[in-house]
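Text of query.txt (compact mmCIF, C-alpha atoms) as supplied:
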```txt
# COMPACT_ATOMS: atom_id res chain seq x y z
CA MET A 30 141.07 122.05 59.20
CA GLY A 31 141.50 123.29 62.73
CA TYR A 32 142.65 121.66 65.91
CA HIS A 33 143.02 122.95 69.46
CA HIS A 34 144.90 121.33 72.33
CA VAL A 35 143.59 123.05 75.45
CA ASP A 36 144.53 122.78 79.12
CA PRO A 37 141.55 124.25 81.04
CA ASP A 38 143.80 125.10 84.01
CA GLU A 39 145.70 127.54 81.79
CA LEU A 40 142.52 129.47 80.84
CA ALA A 41 141.21 132.49 82.70
CA PRO A 42 138.03 131.83 84.70
CA SER A 43 134.77 133.44 83.57
CA SER A 44 133.93 136.42 85.75
CA ASP A 45 130.14 136.00 85.41
CA HIS A 46 129.71 132.57 87.07
CA PRO A 47 129.29 131.61 90.74
CA CYS A 48 132.04 128.98 90.45
CA ASP A 49 135.36 128.62 88.61
CA ARG A 50 134.30 128.18 84.95
CA ARG A 51 136.87 127.85 82.15
CA SER A 52 135.36 128.14 78.65
CA LEU A 53 136.74 125.68 76.13
CA ALA A 54 134.31 126.96 73.49
CA GLU A 55 135.73 130.47 73.54
CA VAL A 56 139.41 129.54 73.21
CA ALA A 57 138.64 126.99 70.47
CA GLU A 58 136.25 129.46 68.77
CA LEU A 59 133.46 126.87 68.65
CA THR A 60 130.39 128.15 66.81
CA GLN A 61 127.78 125.47 67.62
CA LEU A 62 128.87 123.87 70.88
CA ALA A 63 129.16 125.35 74.37
CA ALA A 64 131.87 123.60 76.39
CA ALA A 65 133.46 124.44 79.74
CA VAL A 66 135.17 122.92 82.75
CA TYR A 67 133.64 123.85 86.10
CA ASP A 68 135.23 123.59 89.54
CA LEU A 69 132.71 123.97 92.36
CA GLU A 70 133.75 124.41 95.96
CA PRO A 71 131.28 123.40 98.70
CA GLY A 72 128.30 125.79 98.59
CA GLU A 73 128.79 126.86 94.97
CA ASP A 74 126.33 126.59 92.07
CA LEU A 75 127.45 125.66 88.57
CA ALA A 76 125.10 128.11 86.81
CA THR A 77 124.01 131.63 87.69
CA THR A 78 120.41 130.53 88.34
CA TYR A 79 118.00 127.59 88.49
CA HIS A 80 117.29 127.51 84.76
CA TYR A 81 116.22 125.74 81.58
CA HIS A 82 116.98 126.10 77.88
CA ASP A 83 114.43 126.26 75.06
CA GLN A 84 116.51 124.19 72.60
CA ARG A 85 119.87 123.33 74.17
CA GLU A 86 120.73 119.77 75.02
CA GLU A 87 123.26 119.61 77.86
CA LEU A 88 125.63 116.96 79.11
CA PHE A 89 127.56 117.08 82.38
CA TYR A 90 130.41 114.60 82.84
CA VAL A 91 131.71 114.55 86.41
CA LEU A 92 135.49 114.32 86.44
CA ASP A 93 135.92 114.37 90.23
CA GLY A 94 133.58 114.56 93.23
CA ASP A 95 129.78 114.41 93.37
CA LEU A 96 127.61 116.88 91.46
CA HIS A 97 124.12 117.45 92.83
CA VAL A 98 121.40 118.42 90.34
CA GLU A 99 118.07 119.73 91.57
CA THR A 100 115.08 119.32 89.24
CA PRO A 101 111.38 120.04 89.83
CA ASP A 102 110.75 116.33 90.48
CA GLU A 103 113.82 115.09 92.33
CA GLU A 104 117.48 115.61 93.14
CA PHE A 105 120.20 113.57 91.44
CA VAL A 106 123.72 112.89 92.68
CA ILE A 107 126.18 112.25 89.85
CA GLY A 108 129.50 110.74 90.87
CA ALA A 109 132.91 110.76 89.21
CA ASP A 110 132.95 109.11 85.78
CA GLU A 111 129.15 109.45 85.51
CA THR A 112 127.15 111.60 83.11
CA PHE A 113 123.94 113.61 83.52
CA VAL A 114 122.04 114.57 80.34
CA VAL A 115 119.42 117.33 80.22
CA GLU A 116 116.84 117.68 77.46
CA PRO A 117 115.51 121.08 76.31
CA GLU A 118 112.87 122.73 78.52
CA SER A 119 114.03 120.69 81.56
CA PRO A 120 114.84 122.92 84.57
CA ILE A 121 118.03 122.21 86.52
CA ARG A 122 120.15 123.61 89.32
CA PRO A 123 123.57 121.89 89.38
CA TYR A 124 125.50 122.57 92.58
CA ASN A 125 127.89 121.36 95.26
CA PRO A 126 126.13 121.35 98.66
CA THR A 127 127.36 123.61 101.44
CA ASP A 128 128.10 120.58 103.63
CA ALA A 129 130.09 118.73 100.92
CA ASP A 130 133.47 117.35 101.96
CA ALA A 131 135.22 118.17 98.68
CA SER A 132 135.14 120.19 95.49
CA VAL A 133 133.57 118.93 92.24
CA ARG A 134 135.05 119.10 88.73
CA VAL A 135 132.68 118.84 85.78
CA LEU A 136 132.95 118.98 82.00
CA GLY A 137 129.80 120.59 80.63
CA VAL A 138 128.81 120.65 76.96
CA GLY A 139 125.67 121.83 75.21
CA ALA A 140 124.23 122.75 71.84
CA PRO A 141 123.10 124.99 70.36
CA LYS A 142 125.67 127.29 71.91
CA PHE A 143 123.63 130.51 71.97
CA ASP A 144 120.45 129.20 73.64
CA ILE A 145 120.89 131.17 76.86
CA GLY A 146 119.37 129.71 80.02
CA ARG A 147 116.03 131.10 81.16
CA PRO A 148 115.38 131.46 84.89
CA TYR A 149 113.07 128.83 86.34
CA ASP A 150 110.86 129.78 89.29
CA SER A 151 110.05 126.61 91.23
CA GLU A 152 107.62 128.47 93.51
CA ALA A 153 105.62 129.77 90.54
CA ASP A 154 105.24 126.18 89.34
CA GLY A 155 103.85 125.02 92.70
CA GLU A 156 107.12 123.59 94.04
CA ASP A 157 108.76 124.37 97.36
CA ALA A 158 112.05 126.24 96.97
```

Entire entry expressed as structure tokens:
Amino acid sequence: MGYHHVDPDELAPSSDHPCDRRSLAEVAELTQLAAAVYDLEPGEDLATTYHYHDQREELFYVLDGDLHVETPDEEFVIGADETFVVEPESPIRPYNPTDADASVRVLGVGAPKFDIGRPYDSEADGEDA
């Protein structure tokens, strides 16, 4: 059996994300589940690109603030203690708007772990960017 007690604030941030991302999956050596805590300042995106996953199911639980999620059909605002769930093949752009008054803290989980996000081009699909 294995157990891990992790304080995300004690982890080093990922260098390849546009916001402060602390990987829980890496420190706990998770093999099936991606898990991270994200802190987004005003104007920051959660992910590196507007994207979708072929197989991954994702869940974003907002710990503090308001997370905005752009989709091809509409924009959602998820407040503290609310959850946003994304099915496979569903494009998203989670972010904190430039004019936001505060930062946002989010717990993000997804599986399978190694289904890397594919860039989504909203203009190619007839949407306005």

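Put simply, atom CA of Thr77 of chain A is 27.9 Å away from atom CA of His34 of chain A.
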
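Atom CA of Gly31 of chain A is found 27.1 Å from atom CA of Arg134 of chain A.
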
* At most 10 Å from (122.6, 126.4, 85.1), file frame, only C-alpha atoms: which residues, as a PyMOL selection string? -> chain A and resi 46+74-82+87+98+120-124+145-149

Would you save the residues from that selection as an mmCIF file, in the frame of the given file, using C-alpha atoms?
```
data_model
loop_
_atom_site.group_PDB
_atom_site.id
_atom_site.type_symbol
_atom_site.label_atom_id
_atom_site.label_comp_id
_atom_site.auth_asym_id
_atom_site.auth_seq_id
_atom_site.Cartn_x
_atom_site.Cartn_y
_atom_site.Cartn_z
ATOM 1 C CA HIS A 46 129.710 132.570 87.070
ATOM 2 C CA ASP A 74 126.330 126.590 92.070
ATOM 3 C CA LEU A 75 127.450 125.660 88.570
ATOM 4 C CA ALA A 76 125.100 128.110 86.810
ATOM 5 C CA THR A 77 124.010 131.630 87.690
ATOM 6 C CA THR A 78 120.410 130.530 88.340
ATOM 7 C CA TYR A 79 118.000 127.590 88.490
ATOM 8 C CA HIS A 80 117.290 127.510 84.760
ATOM 9 C CA TYR A 81 116.220 125.740 81.580
ATOM 10 C CA HIS A 82 116.980 126.100 77.880
ATOM 11 C CA GLU A 87 123.260 119.610 77.860
ATOM 12 C CA VAL A 98 121.400 118.420 90.340
ATOM 13 C CA PRO A 120 114.840 122.920 84.570
ATOM 14 C CA ILE A 121 118.030 122.210 86.520
ATOM 15 C CA ARG A 122 120.150 123.610 89.320
ATOM 16 C CA PRO A 123 123.570 121.890 89.380
ATOM 17 C CA TYR A 124 125.500 122.570 92.580
ATOM 18 C CA ILE A 145 120.890 131.170 76.860
ATOM 19 C CA GLY A 146 119.370 129.710 80.020
ATOM 20 C CA ARG A 147 116.030 131.100 81.160
ATOM 21 C CA PRO A 148 115.380 131.460 84.890
ATOM 22 C CA TYR A 149 113.070 128.830 86.340
#
```

* Asked: So which residues touch segment 69-71 of chain A within 12 Å, counting all atoms listed in the file, skipping near sequence neighbours fewer than 3 positions away, as JSON, numbers by chain?
  -> {"A": [46, 47, 48, 49, 50, 51, 66, 74, 75, 76, 91, 92, 93, 94, 95, 96, 97, 123, 124, 125, 126, 127, 128, 129, 130, 131, 132, 133, 134, 135, 136]}

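All residues that come within 12 Å of the coordinates (142.7, 120.8, 68.0), counting all atoms listed in the file, are given as Met30, Gly31, Tyr32, His33, His34, Val35, Asp36, Leu53, Ala54, Val56, Ala57, Glu58 and Leu59 of chain A.
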
Keeping C-alpha atoms, export the residues of the selection given above as a PDB file, in the coordinates of the input.
```pdb
ATOM      1  CA  MET A  30     141.070 122.050  59.200  1.00  0.00           C
ATOM      2  CA  GLY A  31     141.500 123.290  62.730  1.00  0.00           C
ATOM      3  CA  TYR A  32     142.650 121.660  65.910  1.00  0.00           C
ATOM      4  CA  HIS A  33     143.020 122.950  69.460  1.00  0.00           C
ATOM      5  CA  HIS A  34     144.900 121.330  72.330  1.00  0.00           C
ATOM      6  CA  VAL A  35     143.590 123.050  75.450  1.00  0.00           C
ATOM      7  CA  ASP A  36     144.530 122.780  79.120  1.00  0.00           C
ATOM      8  CA  LEU A  53     136.740 125.680  76.130  1.00  0.00           C
ATOM      9  CA  ALA A  54     134.310 126.960  73.490  1.00  0.00           C
ATOM     10  CA  VAL A  56     139.410 129.540  73.210  1.00  0.00           C
ATOM     11  CA  ALA A  57     138.640 126.990  70.470  1.00  0.00           C
ATOM     12  CA  GLU A  58     136.250 129.460  68.770  1.00  0.00           C
ATOM     13  CA  LEU A  59     133.460 126.870  68.650  1.00  0.00           C
TER      14      LEU A  59
END
```

* Hey, can you check how far atom CA of Gln84 of chain A sits from atom CA of Ala109 of chain A? -> 26.9 Å

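Among the candidates A:Asp83, A:Asp144, A:Glu152, A:Glu104, the residue lying nearest to Glu118 of chain A is A:Asp83 (atoms considered: all atoms listed in the file).
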
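Closest approach to Ser52 of chain A among A:Ala65, A:Ile107, A:Gly72, A:Leu40: A:Ala65, based on all atoms listed in the file.
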
* Considering only C-alpha atoms, return as a ChimeraX atom specification whatever protein or nucleic-acid residues lie within 7 Å of Tyr90 of chain A, sequence-local ones (same chain, fewer than 5 positions apart) excluded. => /A:110-113,135-137

Resulting file, chosen residues, C-alpha atoms, as a CSV table (one decimal), in the frame of the given file:
```csv
chain,number,residue,atom,x,y,z
A,110,ASP,CA,133.0,109.1,85.8
A,111,GLU,CA,129.2,109.4,85.5
A,112,THR,CA,127.2,111.6,83.1
A,113,PHE,CA,123.9,113.6,83.5
A,135,VAL,CA,132.7,118.8,85.8
A,136,LEU,CA,133.0,119.0,82.0
A,137,GLY,CA,129.8,120.6,80.6
```

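Each of A:Val115, A:Ser43, A:Pro37, A:Pro101 was checked against Val138 of chain A using all atoms listed in the file; the smallest atom-to-atom distance is that of A:Val115.
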